[in-house]
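Trainee: data_30.txt is reproduced in full below (compact mmCIF, C-alpha atoms).
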# COMPACT_ATOMS: atom_id res chain seq x y z
CA MET A 12 10.16 199.59 39.20
CA HIS A 13 10.00 198.22 35.67
CA ALA A 14 10.16 200.71 32.79
CA ILE A 15 6.93 199.43 31.27
CA LEU A 16 5.14 200.33 34.52
CA GLU A 17 6.95 203.61 35.12
CA ILE A 18 5.89 204.91 31.71
CA ARG A 19 2.26 204.65 32.83
CA ASN A 20 2.87 206.88 35.85
CA LEU A 21 4.50 209.90 34.20
CA THR A 22 3.42 213.47 34.95
CA SER A 23 2.61 215.74 32.02
CA GLN A 24 6.02 217.41 32.30
CA GLU A 25 7.82 214.06 32.42
CA ARG A 26 5.81 212.87 29.42
CA ALA A 27 6.81 215.98 27.48
CA VAL A 28 10.50 215.34 28.20
CA MET A 29 10.13 211.69 27.19
CA ASP A 30 8.41 212.67 23.92
CA ALA A 31 11.24 215.10 23.10
CA LEU A 32 13.82 212.43 23.81
CA LEU A 33 11.96 209.97 21.59
CA ARG A 34 12.48 212.42 18.73
CA SER A 35 16.21 212.56 19.51
CA PRO A 36 18.04 209.45 18.30
CA ASP A 37 21.33 210.66 19.80
CA PRO A 38 22.17 211.89 23.33
CA VAL A 39 21.40 215.60 23.79
CA SER A 40 22.20 218.28 26.36
CA GLN A 41 19.52 219.69 28.62
CA ARG A 42 19.61 222.98 26.74
CA GLU A 43 19.19 221.24 23.37
CA LEU A 44 16.32 219.21 24.74
CA MET A 45 14.54 222.32 26.04
CA SER A 46 14.88 223.95 22.62
CA ARG A 47 13.00 221.07 21.07
CA MET A 48 10.05 221.30 23.45
CA ARG A 49 7.01 223.39 22.61
CA ASP A 50 6.35 224.59 26.17
CA ALA A 51 9.65 224.00 27.93
CA PRO A 52 9.64 224.55 31.71
CA SER A 53 12.19 226.66 33.54
CA GLN A 54 15.72 225.33 33.73
CA ALA A 55 15.32 224.54 37.43
CA THR A 56 12.10 222.61 36.80
CA MET A 57 13.68 220.85 33.84
CA SER A 58 16.63 219.75 35.99
CA ARG A 59 14.28 218.42 38.64
CA VAL A 60 12.15 216.51 36.10
CA MET A 61 15.20 214.94 34.47
CA SER A 62 16.70 213.95 37.82
CA GLY A 63 13.42 212.22 38.62
CA LEU A 64 13.50 210.32 35.32
CA ILE A 65 17.09 209.24 36.00
CA GLY A 66 16.06 208.04 39.46
CA ARG A 67 13.25 206.00 37.93
CA GLY A 68 15.63 204.27 35.54
CA LEU A 69 14.21 205.82 32.36
CA LEU A 70 16.99 208.27 31.53
CA ILE A 71 20.76 207.93 31.16
CA LYS A 72 23.11 210.81 31.96
CA GLU A 73 26.54 210.87 30.32
CA GLY A 74 29.14 213.35 31.59
CA GLU A 75 28.88 216.07 34.21
CA THR A 76 27.62 219.68 34.57
CA ARG A 77 27.18 221.64 31.33
CA GLY A 78 28.70 218.96 29.18
CA ALA A 79 26.23 216.31 30.31
CA ARG A 80 24.14 214.63 27.67
CA PHE A 81 20.95 212.65 28.13
CA SER A 82 19.23 209.76 26.38
CA LEU A 83 16.48 207.24 27.06
CA THR A 84 17.37 203.77 28.26
CA GLN A 85 16.79 201.04 25.69
CA ASP A 86 13.80 199.73 27.65
CA ALA A 87 12.31 203.19 28.09
CA ARG A 88 12.60 203.97 24.38
CA ARG A 89 10.94 200.67 23.52
CA VAL A 90 7.94 200.95 25.83
CA ALA A 91 7.43 204.70 25.42
CA SER A 92 6.97 204.41 21.66
CA ASP A 93 3.55 203.78 20.12
CA PRO A 94 3.42 200.02 19.45
CA ARG A 95 1.99 200.72 16.01
CA ARG A 96 5.12 202.66 15.07
CA ARG A 97 7.68 200.24 16.46
CA THR A 98 9.54 197.73 14.35
CA PRO A 99 7.47 194.53 14.53
CA ILE A 100 8.97 191.81 16.70
CA PRO A 101 8.43 188.39 15.08
CA TYR A 102 7.77 185.11 16.86
CA ASP A 103 11.02 183.48 17.96
CA PRO A 104 10.84 179.67 17.70
CA ASP A 105 13.94 179.41 19.88
CA ARG A 106 12.03 180.93 22.81
CA ILE A 107 10.28 177.60 23.39
CA GLY A 108 12.61 175.46 21.30
CA GLY A 109 15.64 176.55 23.33
CA TYR A 110 13.98 175.88 26.69
CA VAL A 111 15.75 173.02 28.46
CA PRO A 112 13.67 171.38 31.22
CA ASN A 113 15.28 171.64 34.67
CA GLN A 114 18.05 173.88 33.32
CA THR A 115 16.23 176.89 31.88
CA HIS A 116 14.23 178.93 34.39
CA TRP A 117 11.61 181.42 33.25
CA LEU A 118 10.09 181.96 36.69
CA PRO A 119 12.40 184.42 38.52
CA GLY A 120 14.08 182.94 41.59
CA GLU A 121 12.58 185.53 43.94
CA ALA A 122 9.05 184.86 42.68
CA ALA A 123 9.54 181.10 43.00
CA ALA A 124 10.79 181.53 46.57
CA ARG A 125 7.76 183.67 47.45
CA MET A 126 5.39 181.01 46.12
CA ARG A 127 7.13 178.20 48.03
CA ASP A 128 7.22 180.30 51.21
CA ALA A 129 3.50 181.06 50.88
CA VAL A 130 2.74 177.32 51.03
CA GLU A 131 5.12 176.65 53.92
CA GLN A 132 3.94 179.62 55.98
CA ALA A 133 0.33 178.53 55.57
CA GLY A 134 1.27 175.13 56.96
CA GLY A 135 0.45 173.29 53.78
CA GLN A 136 1.35 169.67 53.18
CA ARG A 137 1.20 168.00 49.80
CA LEU A 138 -1.56 165.48 49.17
CA ASP A 139 -2.09 163.20 46.21
CA ALA A 140 -3.68 164.95 43.24
CA SER A 141 -7.11 163.30 43.47
CA THR A 142 -7.42 163.99 47.19
CA TYR A 143 -6.39 167.61 46.86
CA SER A 144 -8.53 168.33 43.82
CA ARG A 145 -11.66 166.97 45.55
CA ALA A 146 -11.00 169.14 48.58
CA ILE A 147 -10.75 172.43 46.69
CA ALA A 148 -12.82 171.65 43.58
CA GLU A 149 -15.82 173.91 44.12
CA ARG A 150 -13.83 176.87 45.42
CA PHE A 151 -11.31 176.60 42.60
CA LEU A 152 -14.00 176.30 39.92
CA ILE A 153 -15.60 179.53 41.08
CA ASP A 154 -12.40 181.46 41.73
CA LEU A 155 -10.61 180.72 38.45
CA SER A 156 -13.79 181.00 36.37
CA TRP A 157 -14.42 184.45 37.81
CA ALA A 158 -10.85 185.80 37.91
CA SER A 159 -9.87 184.56 34.46
CA SER A 160 -13.08 185.88 32.91
CA ASN A 161 -12.63 189.18 34.72
CA LEU A 162 -9.20 189.56 33.14
CA GLU A 163 -11.00 189.29 29.78
CA GLY A 164 -13.33 192.17 30.71
CA ASN A 165 -16.25 190.04 31.95
CA THR A 166 -18.51 192.05 34.29
CA TYR A 167 -19.81 189.16 36.41
CA ASP A 168 -18.89 189.64 40.07
CA HIS A 169 -17.66 186.78 42.25
CA LEU A 170 -21.04 186.11 43.88
CA SER A 171 -22.87 186.08 40.54
CA THR A 172 -20.26 183.66 39.22
CA GLU A 173 -20.85 181.39 42.22
CA MET A 174 -24.61 181.45 41.66
CA LEU A 175 -24.15 180.59 37.98
CA ILE A 176 -21.69 177.74 38.59
CA LYS A 177 -23.49 176.18 41.56
CA TYR A 178 -27.11 176.77 40.66
CA GLY A 179 -27.18 177.71 36.97
CA GLU A 180 -28.62 181.14 37.74
CA SER A 181 -27.32 183.71 35.24
CA ALA A 182 -27.05 187.31 36.40
CA SER A 183 -29.70 189.68 35.07
CA GLY A 184 -28.60 192.36 32.65
CA ARG A 185 -25.47 190.47 31.60
CA ASP A 186 -24.54 189.74 28.01
CA LEU A 187 -25.09 186.11 26.99
CA LEU A 188 -21.48 185.92 25.88
CA GLU A 189 -20.36 186.75 29.42
CA THR A 190 -22.49 183.94 30.80
CA ALA A 191 -21.05 181.58 28.19
CA MET A 192 -17.51 182.59 29.14
CA ILE A 193 -18.10 181.65 32.79
CA LEU A 194 -19.75 178.33 31.95
CA ASN A 195 -16.98 177.52 29.48
CA HIS A 196 -14.36 178.06 32.17
CA LYS A 197 -16.29 175.71 34.45
CA ALA A 198 -16.36 172.99 31.77
CA ALA A 199 -12.67 173.32 30.88
CA ILE A 200 -11.55 173.40 34.52
CA SER A 201 -13.69 170.36 35.32
CA LEU A 202 -12.15 168.39 32.46
CA MET A 203 -8.66 169.28 33.66
CA MET A 204 -9.38 168.18 37.22
CA GLU A 205 -10.91 164.90 36.09
CA GLY A 206 -7.68 164.01 34.30
CA LEU A 207 -5.17 164.74 37.04
CA ASP A 208 -4.60 161.04 37.71
CA GLY A 209 -3.80 160.40 34.05
CA ALA A 210 -0.95 161.32 31.76
CA PHE A 211 0.29 164.90 31.50
CA PRO A 212 -1.74 166.69 28.81
CA ASP A 213 -0.56 166.53 25.21
CA ALA A 214 -1.60 168.73 22.30
CA GLY A 215 -4.74 166.68 21.66
CA SER A 216 -6.03 167.02 25.21
CA VAL A 217 -5.29 170.76 25.23
CA GLN A 218 -7.19 171.15 21.98
CA ARG A 219 -10.20 169.41 23.56
CA ARG A 220 -10.03 171.80 26.49
CA HIS A 221 -9.94 174.71 24.05
CA VAL A 222 -13.19 173.41 22.52
CA LEU A 223 -14.83 173.68 25.94
CA MET A 224 -13.19 177.01 26.80
CA MET A 225 -14.32 178.75 23.61
CA ARG A 226 -17.62 177.00 22.85
CA ASP A 227 -20.16 179.45 21.39
CA LEU A 228 -17.49 182.17 21.44
CA LEU A 229 -15.66 181.12 18.26
CA ASP A 230 -16.66 179.81 14.86
CA PRO A 231 -17.20 176.02 15.33
CA ALA A 232 -14.50 175.40 12.72
CA ASP A 233 -11.93 177.17 14.93
CA LEU A 234 -12.67 175.30 18.17
CA GLY A 235 -9.63 173.29 19.24
CA THR A 236 -7.95 173.98 15.92
CA VAL A 237 -4.40 175.29 15.60
CA ARG A 238 -4.80 178.47 13.59
CA ARG A 239 -3.56 179.13 10.06
CA ASN A 240 -4.39 182.83 9.93
CA ALA A 241 -2.53 185.82 11.38
CA VAL A 242 -3.49 187.36 14.72
CA GLN A 243 -2.49 190.67 16.23
CA ILE A 244 -2.15 191.43 19.94
CA SER A 245 -3.06 194.95 21.02
CA ALA A 246 -0.58 197.27 22.80
CA THR A 247 2.50 195.39 21.62
CA SER A 248 4.76 195.22 18.58
CA TYR A 249 5.00 191.43 18.96
CA ARG A 250 3.68 189.52 15.94
CA PRO A 251 2.90 185.83 16.56
CA SER A 252 3.64 183.34 13.81
CA SER A 253 0.88 182.23 11.43
CA ASP A 254 2.78 179.13 10.29
CA TYR A 255 0.51 176.17 11.06
CA VAL A 256 3.37 173.67 11.11
CA LEU A 257 5.47 175.86 13.40
CA LEU A 258 2.55 176.46 15.77
CA THR A 259 1.60 172.79 15.92
CA ALA A 260 5.17 171.75 16.65
CA GLY A 261 5.55 174.54 19.21
CA LEU A 262 2.44 173.47 21.11
CA SER A 263 3.58 169.85 21.32
CA ASP A 264 7.11 170.87 22.29
CA LEU A 265 5.88 173.21 25.02
CA LEU A 266 3.66 170.58 26.61
CA ALA A 267 6.31 167.87 26.40
CA LYS A 268 8.85 170.12 28.12
CA ALA A 269 6.42 171.24 30.80
CA GLY A 270 5.74 167.60 31.61
CA GLN A 271 9.46 167.07 32.24
CA VAL A 272 9.98 170.05 34.56
CA GLU A 273 10.40 168.82 38.13
CA ASP A 274 9.58 172.11 39.90
CA PRO A 275 5.78 172.55 39.71
CA PHE A 276 6.06 176.33 40.09
CA GLU A 277 8.43 176.59 37.12
CA ALA A 278 6.27 174.22 35.06
CA SER A 279 3.20 176.32 35.89
CA PHE A 280 4.91 179.53 34.78
CA LEU A 281 6.25 177.88 31.64
CA LEU A 282 2.73 176.92 30.55
CA LEU A 283 1.26 180.30 31.47
CA THR A 284 3.82 182.28 29.48
CA GLY A 285 4.44 179.74 26.72
CA LEU A 286 0.81 179.33 25.69
CA SER A 287 0.29 183.10 25.73
CA TYR A 288 3.43 183.63 23.63
CA LEU A 289 2.68 180.88 21.13
CA GLN A 290 -0.90 182.03 20.45
CA ALA A 291 -1.66 178.65 18.89
CA PHE A 292 -5.43 179.26 18.71
CA GLY A 293 -7.51 181.92 17.06
CA ASP A 294 -8.64 183.25 20.46
CA GLY A 295 -8.60 182.26 24.11
CA ASN A 296 -4.84 181.70 24.37
CA LYS A 297 -4.34 183.60 27.63
CA ARG A 298 -7.37 181.83 29.09
CA MET A 299 -5.79 178.51 28.14
CA GLY A 300 -2.52 179.63 29.68
CA ARG A 301 -4.23 180.45 32.98
CA LEU A 302 -6.04 177.10 32.92
CA LEU A 303 -2.99 174.97 32.06
CA SER A 304 -0.77 176.79 34.55
CA ASN A 305 -2.66 174.94 37.27
CA GLU A 306 -1.97 171.45 35.94
CA PRO A 307 1.53 171.07 37.50
CA LEU A 308 0.46 172.64 40.80
CA LEU A 309 -2.57 170.40 41.29
CA ARG A 310 -0.64 167.30 40.24
CA ALA A 311 1.87 168.13 42.98
CA GLY A 312 -0.87 168.56 45.60
CA LEU A 313 -0.16 172.30 45.83
CA PRO A 314 -2.67 175.16 46.06
CA PRO A 315 -3.78 176.27 42.60
CA LEU A 316 -3.16 179.62 40.93
CA SER A 317 -6.64 181.11 40.74
CA PHE A 318 -5.57 184.66 39.71
CA ILE A 319 -7.77 186.09 42.46
CA GLY A 320 -6.37 189.45 43.56
CA ILE A 321 -3.88 189.72 40.72
CA ASP A 322 -2.99 193.27 39.70
CA LYS A 323 -4.24 193.40 36.12
CA THR A 324 -1.84 196.10 34.90
CA PRO A 325 1.43 194.36 35.88
CA TYR A 326 0.01 191.06 34.63
CA ILE A 327 -0.83 192.37 31.15
CA LEU A 328 2.28 194.54 30.89
CA GLY A 329 4.35 191.63 32.16
CA LEU A 330 3.07 189.47 29.31
CA ILE A 331 3.92 192.23 26.84
CA ASP A 332 7.44 192.47 28.28
CA PHE A 333 7.81 188.73 27.82
CA TYR A 334 6.49 188.86 24.26
CA GLU A 335 8.88 191.60 23.20
CA VAL A 336 12.14 190.94 25.06
CA GLY A 337 11.64 187.68 26.98
CA SER A 338 11.71 189.43 30.36
CA THR A 339 9.71 187.67 33.10
CA GLY A 340 10.46 189.86 36.13
CA LEU A 341 7.27 191.91 36.13
CA LEU A 342 4.99 188.97 35.32
CA GLY A 343 6.69 186.80 37.96
CA GLU A 344 6.05 189.46 40.62
CA ALA A 345 2.37 189.69 39.66
CA ILE A 346 1.89 185.91 39.74
CA ALA A 347 3.69 185.51 43.08
CA GLY A 348 1.63 188.31 44.62
CA SER A 349 -1.64 186.70 43.58
CA TYR A 350 -0.50 183.28 44.81
CA GLU A 351 0.42 184.66 48.23
CA ILE A 352 -3.10 186.04 48.62
CA THR A 353 -4.96 182.81 47.85
CA VAL A 354 -2.74 180.04 49.25
CA PRO A 355 -3.97 180.28 52.88
CA ASP A 356 -7.61 179.95 51.78
CA TYR A 357 -6.99 176.77 49.82
CA ILE A 358 -4.88 175.19 52.53
CA GLN A 359 -7.50 176.02 55.13
CA ALA A 360 -10.19 174.46 52.93
CA VAL A 361 -8.25 171.20 52.87
CA THR A 362 -7.46 171.30 56.60
CA VAL A 363 -11.06 171.90 57.62
CA GLN A 364 -12.53 169.33 55.25
CA ARG A 365 -10.08 166.50 56.03
CA VAL A 366 -10.61 164.86 52.67
CA PRO A 367 -9.43 161.24 52.87
CA HIS A 368 -6.49 159.95 50.89
CA GLY A 369 -7.49 157.73 47.97
CA LEU A 370 -5.89 154.76 49.75
CA GLU A 371 -8.19 155.25 52.75
CA LEU A 372 -11.26 154.92 50.56
CA ARG A 373 -10.03 151.89 48.66
CA GLU A 374 -8.90 150.02 51.78
CA ARG A 375 -11.54 151.17 54.26
CA GLY A 376 -12.50 147.64 55.36
CA ARG A 377 -8.97 146.40 55.94
CA ILE A 378 -7.98 149.64 57.65
CA ALA A 379 -10.85 149.29 60.15
CA ALA A 380 -9.84 145.69 60.88
CA ALA A 381 -6.18 146.65 61.32
CA LEU A 382 -7.07 149.47 63.68
CA GLY A 383 -9.29 147.12 65.71
CA ARG A 384 -6.37 144.75 66.08
CA MET A 385 -4.05 147.60 67.08
CA PHE A 386 -6.39 148.82 69.81
CA ARG A 387 -7.05 145.33 71.19
CA ASP A 388 -3.37 144.35 71.14
CA ARG A 389 -2.22 147.79 72.34
CA THR A 390 0.14 147.95 69.35
CA PRO A 391 2.49 150.95 69.69
CA ASP A 392 3.43 153.21 66.79
CA ALA A 393 6.76 151.39 66.48
CA GLY A 394 4.95 148.16 65.64
CA ILE A 395 2.77 149.59 62.88
CA PRO A 396 5.21 149.08 59.95
CA GLY A 397 5.40 145.38 60.77
CA LEU A 398 1.62 145.12 60.97
CA VAL A 399 1.32 146.86 57.59
CA ASP A 400 3.75 144.41 55.97
CA GLU A 401 1.68 141.53 57.35
CA VAL A 402 -1.82 142.79 56.57
CA PHE A 403 -1.13 144.91 53.46
CA GLY A 404 1.66 142.89 51.89
CA ASP A 405 -0.07 143.01 48.52
CA LEU A 406 0.39 146.80 48.27
CA ASN A 407 3.48 148.33 46.69
CA LYS A 408 6.20 149.84 48.85
CA ALA A 409 5.01 153.44 48.46
CA ASP A 410 1.42 152.55 49.38
CA ARG A 411 2.60 150.53 52.40
CA GLY A 412 4.55 153.55 53.59
CA LYS A 413 1.48 155.73 53.19
CA MET A 414 -0.66 153.09 54.94
CA ALA A 415 1.67 153.16 57.95
CA GLU A 416 1.17 156.95 58.12
CA ILE A 417 -2.62 156.57 57.88
CA LEU A 418 -2.81 153.95 60.63
CA THR A 419 -0.46 155.88 62.91
CA ASP A 420 -2.30 159.17 62.53
CA THR A 421 -5.79 157.64 62.78
CA ALA A 422 -4.96 155.56 65.85
CA ASP A 423 -3.24 158.39 67.72
CA ARG A 424 -6.08 160.82 67.01
CA ALA A 425 -9.03 158.45 67.39
CA SER A 426 -11.73 159.55 69.82
CA PRO A 427 -13.16 156.93 72.24
CA ALA A 428 -16.59 157.54 70.69
CA SER A 429 -15.36 156.00 67.43
CA ALA A 430 -14.67 152.60 69.09
CA PHE A 431 -17.67 150.97 67.41
CA LEU A 432 -16.08 151.55 63.99
CA TYR A 433 -13.28 149.16 64.88
CA GLY A 434 -15.18 146.60 66.97
CA VAL A 435 -13.40 147.59 70.19
CA THR A 436 -14.33 149.30 73.45
CA GLU A 437 -13.69 152.89 74.39
CA ALA A 438 -11.28 151.59 77.01
CA ASP A 439 -9.26 149.83 74.29
CA ILE A 440 -8.67 153.13 72.51
CA LYS A 441 -7.88 155.07 75.70
CA GLU A 442 -5.48 152.46 77.05
CA ARG A 443 -3.70 151.84 73.77
CA ASN A 444 -3.09 155.54 73.17
CA ALA A 445 -2.07 156.21 76.78
CA ALA A 446 0.45 153.35 76.61
CA ASN A 447 1.69 154.53 73.23
CA ARG A 448 2.31 158.05 74.52
CA GLY A 449 4.18 156.68 77.50
CA ALA A 450 6.35 154.39 75.39
When written as structure tokens, how does the structure in this file appear?

Mentor:
Amino acid sequence: MHAILEIRNLTSQERAVMDALLRSPDPVSQRELMSRMRDAPSQATMSRVMSGLIGRGLLIKEGETRGARFSLTQDARRVASDPRRRTPIPYDPDRIGGYVPNQTHWLPGEAAARMRDAVEQAGGQRLDASTYSRAIAERFLIDLSWASSNLEGNTYDHLSTEMLIKYGESASGRDLLETAMILNHKAAISLMMEGLDGAFPDAGSVQRRHVLMMRDLLDPADLGTVRRNAVQISATSYRPSSDYVLLTAGLSDLLAKAGQVEDPFEASFLLLTGLSYLQAFGDGNKRMGRLLSNEPLLRAGLPPLSFIGIDKTPYILGLIDFYEVGSTGLLGEAIAGSYEITVPDYIQAVTVQRVPHGLELRERGRIAAALGRMFRDRTPDAGIPGLVDEVFGDLNKADRGKMAEILTDTADRASPASAFLYGVTEADIKERNAANRGA
């Protein structure tokens, strides 16, 4: 387990040993360590406690038997210290500046594999962005609005969030700011989904989303504005930059690089971590990171990252680990675990709804005529590409390929009762499909 998590699970005796070691800059023997403790346990208990700390990766043992000396690992010393007493860690412009799209990988390989496997095991197939976003829009709006707000301490439950988003009914007894946070998520998510067919977001579009995300929660002058003042993040020694020029350039650079990353899972993680690290806005940076992390996934026709079921402690501590030392292992595990939970629900929503491809809606009339011709002429699947070239010759190559898939799938699955849609008889459909299966 990661040191930053292990530190939170120490017993009182283990904590006492860790505190004594924090006061010891150099390796010490067990006897020396016991002499520095106010209420030292017995030697046998001390040996057992220290063996446990070694097993958990927090303690290093040098030498054997009586000559052995002990010290904290570098990670353990860092995370066990009070953040207020640590040496401040400044913003590193090379963290984002040194990221090379399709060469640098922030998302750990194991986490990426888990996310890909979750989609494959759920039987998911990629759809075009507009088709997919329509299929999961309502569910995603509710899920991300609730989960992201919950991570900010919002007390709305999932059902109350659904009632607010769908019907405008705010929960009784809730602070108005909590209601505003939910509605702001809805507005920002909606704007993102409306733009999936357009260009990848740049700094200007992200700033507009920040206006919606933080409306009524920030001074109007700070909405969508790259900050010029200093901010401090609790529970970490990381100190974000307050250089307006550096922050503005960093935001543009991050978005430009994310738009070039071919793997949507890596691009998603880059935006999630990069926006949180940069802290370009006066507030709402993690919320913006969670929002923008879905842009690459939805554009690729993949299930979104709603943060439902995410373990809050590893998520927050994982961000802190990234801030301070650039480690992404803990955060990657938390993200992959949440994604595995929600993927089946989103894929099932698409499967059950059977949302049509955009091409089907635009070409509905010609598709019906082509299908009628196929049923009357008993055109087999093998003849469909030729028919597409003849009837849909004005479409580009990619759309003609997709049209062949649409006609093949629709014809093979058509029920006899749908014959009237295509101006044919039920017998036409039955005989064409029987002949096609026997071909």

Trainee: Mind listing as a VMD selection string all residues within 12 Å of (1.0, 172.2, 28.1), counting only C-alpha atoms?

Mentor: chain A and resid 107 203 210 to 218 220 to 221 261 to 272 278 to 287 289 291 296 299 to 307

Trainee: Write a file of the selected residues as a PDB file, keeping the file's coordinate frame, keeping C-alpha atoms.

Mentor:
ATOM      1  CA  ILE A 107      10.280 177.600  23.390  1.00  0.00           C
ATOM      2  CA  MET A 203      -8.660 169.280  33.660  1.00  0.00           C
ATOM      3  CA  ALA A 210      -0.950 161.320  31.760  1.00  0.00           C
ATOM      4  CA  PHE A 211       0.290 164.900  31.500  1.00  0.00           C
ATOM      5  CA  PRO A 212      -1.740 166.690  28.810  1.00  0.00           C
ATOM      6  CA  ASP A 213      -0.560 166.530  25.210  1.00  0.00           C
ATOM      7  CA  ALA A 214      -1.600 168.730  22.300  1.00  0.00           C
ATOM      8  CA  GLY A 215      -4.740 166.680  21.660  1.00  0.00           C
ATOM      9  CA  SER A 216      -6.030 167.020  25.210  1.00  0.00           C
ATOM     10  CA  VAL A 217      -5.290 170.760  25.230  1.00  0.00           C
ATOM     11  CA  GLN A 218      -7.190 171.150  21.980  1.00  0.00           C
ATOM     12  CA  ARG A 220     -10.030 171.800  26.490  1.00  0.00           C
ATOM     13  CA  HIS A 221      -9.940 174.710  24.050  1.00  0.00           C
ATOM     14  CA  GLY A 261       5.550 174.540  19.210  1.00  0.00           C
ATOM     15  CA  LEU A 262       2.440 173.470  21.110  1.00  0.00           C
ATOM     16  CA  SER A 263       3.580 169.850  21.320  1.00  0.00           C
ATOM     17  CA  ASP A 264       7.110 170.870  22.290  1.00  0.00           C
ATOM     18  CA  LEU A 265       5.880 173.210  25.020  1.00  0.00           C
ATOM     19  CA  LEU A 266       3.660 170.580  26.610  1.00  0.00           C
ATOM     20  CA  ALA A 267       6.310 167.870  26.400  1.00  0.00           C
ATOM     21  CA  LYS A 268       8.850 170.120  28.120  1.00  0.00           C
ATOM     22  CA  ALA A 269       6.420 171.240  30.800  1.00  0.00           C
ATOM     23  CA  GLY A 270       5.740 167.600  31.610  1.00  0.00           C
ATOM     24  CA  GLN A 271       9.460 167.070  32.240  1.00  0.00           C
ATOM     25  CA  VAL A 272       9.980 170.050  34.560  1.00  0.00           C
ATOM     26  CA  ALA A 278       6.270 174.220  35.060  1.00  0.00           C
ATOM     27  CA  SER A 279       3.200 176.320  35.890  1.00  0.00           C
ATOM     28  CA  PHE A 280       4.910 179.530  34.780  1.00  0.00           C
ATOM     29  CA  LEU A 281       6.250 177.880  31.640  1.00  0.00           C
ATOM     30  CA  LEU A 282       2.730 176.920  30.550  1.00  0.00           C
ATOM     31  CA  LEU A 283       1.260 180.300  31.470  1.00  0.00           C
ATOM     32  CA  THR A 284       3.820 182.280  29.480  1.00  0.00           C
ATOM     33  CA  GLY A 285       4.440 179.740  26.720  1.00  0.00           C
ATOM     34  CA  LEU A 286       0.810 179.330  25.690  1.00  0.00           C
ATOM     35  CA  SER A 287       0.290 183.100  25.730  1.00  0.00           C
ATOM     36  CA  LEU A 289       2.680 180.880  21.130  1.00  0.00           C
ATOM     37  CA  ALA A 291      -1.660 178.650  18.890  1.00  0.00           C
ATOM     38  CA  ASN A 296      -4.840 181.700  24.370  1.00  0.00           C
ATOM     39  CA  MET A 299      -5.790 178.510  28.140  1.00  0.00           C
ATOM     40  CA  GLY A 300      -2.520 179.630  29.680  1.00  0.00           C
ATOM     41  CA  ARG A 301      -4.230 180.450  32.980  1.00  0.00           C
ATOM     42  CA  LEU A 302      -6.040 177.100  32.920  1.00  0.00           C
ATOM     43  CA  LEU A 303      -2.990 174.970  32.060  1.00  0.00           C
ATOM     44  CA  SER A 304      -0.770 176.790  34.550  1.00  0.00           C
ATOM     45  CA  ASN A 305      -2.660 174.940  37.270  1.00  0.00           C
ATOM     46  CA  GLU A 306      -1.970 171.450  35.940  1.00  0.00           C
ATOM     47  CA  PRO A 307       1.530 171.070  37.500  1.00  0.00           C
TER      48      PRO A 307
END

Trainee: Could you tell me how far atom CA of Pro101 of chain A sits from atom CA of Trp117 of chain A, in Å to one decimal place?

Mentor: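 Atom-to-atom, atom CA of Trp117 of chain A and atom CA of Pro101 of chain A are spaced 19.7 Å apart.
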
Trainee: Please, what distance in Å, to one decimal, runs between atom CA of Ile18 of chain A and atom CA of Ala87 of chain A?

Mentor: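 Interatomic distance, atom CA of Ile18 of chain A to atom CA of Ala87 of chain A: 7.6 Å.
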
Trainee: Would you mind telling me which residue in A:Asp154, A:Asp420, A:Asp405, A:Glu17 lies nearest to His169 of chain A when using all atoms listed in the file?

Mentor: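 Closest candidate: A:Asp154.
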
Trainee: At a cut-off of 10 Å, using all atoms listed in the file, what residues contact Pro36 of chain A? Leave out same-chain residues fewer than 6 positions from it and give the result as a list in words.

Mentor: Ser82, Leu83 and Arg88 of chain A

Trainee: Could you please take those selected residues and save C-alpha atoms as a compact mmCIF listing (two decimals), in the frame of the given file?

Mentor:
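The resulting selection02.txt:
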# COMPACT_ATOMS: atom_id res chain seq x y z
CA SER A 82 19.23 209.76 26.38
CA LEU A 83 16.48 207.24 27.06
CA ARG A 88 12.60 203.97 24.38

Trainee: Mind checking which residues fall within 10 Å of Leu313 of chain A, counting all atoms listed in the file, ignoring those fewer than 3 positions away in the same chain, and posting them as a PyMOL selection string?

Mentor: chain A and resi 127+130+135-140+143-144+275-276+305+307-310+316+354+357-358

Trainee: Might you pull out every residue within 10 Å of Glu344 of chain A, with only C-alpha atoms counted and same-chain residues fewer than 4 positions away left off, and present them as a list in words?

Mentor: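 Returned residues: Leu118, Pro119, Glu121, Ala122, Ala123, Arg125, Ile321, Asp322, Pro325, Tyr326, Gly329, Thr339, Gly340, Gly348, Ser349 and Tyr350 of chain A.
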
Trainee: Would you kindly place N, CA and C atoms on segment 142-146 of chain A and return the model as a PDB file, in the frame of the given file?

Mentor:
ATOM      1  N   THR A 142      -6.952 163.534  45.876  1.00  0.00           N
ATOM      2  CA  THR A 142      -7.420 163.990  47.190  1.00  0.00           C
ATOM      3  C   THR A 142      -7.495 165.503  47.243  1.00  0.00           C
ATOM      4  N   TYR A 143      -6.427 166.151  46.785  1.00  0.00           N
ATOM      5  CA  TYR A 143      -6.390 167.610  46.860  1.00  0.00           C
ATOM      6  C   TYR A 143      -7.449 168.239  45.962  1.00  0.00           C
ATOM      7  N   SER A 144      -7.583 167.728  44.749  1.00  0.00           N
ATOM      8  CA  SER A 144      -8.530 168.330  43.820  1.00  0.00           C
ATOM      9  C   SER A 144      -9.969 168.205  44.318  1.00  0.00           C
ATOM     10  N   ARG A 145     -10.301 167.102  44.994  1.00  0.00           N
ATOM     11  CA  ARG A 145     -11.660 166.970  45.550  1.00  0.00           C
ATOM     12  C   ARG A 145     -11.890 167.982  46.664  1.00  0.00           C
ATOM     13  N   ALA A 146     -10.846 168.252  47.435  1.00  0.00           N
ATOM     14  CA  ALA A 146     -11.000 169.140  48.580  1.00  0.00           C
ATOM     15  C   ALA A 146     -11.249 170.587  48.172  1.00  0.00           C
TER      16      ALA A 146
END
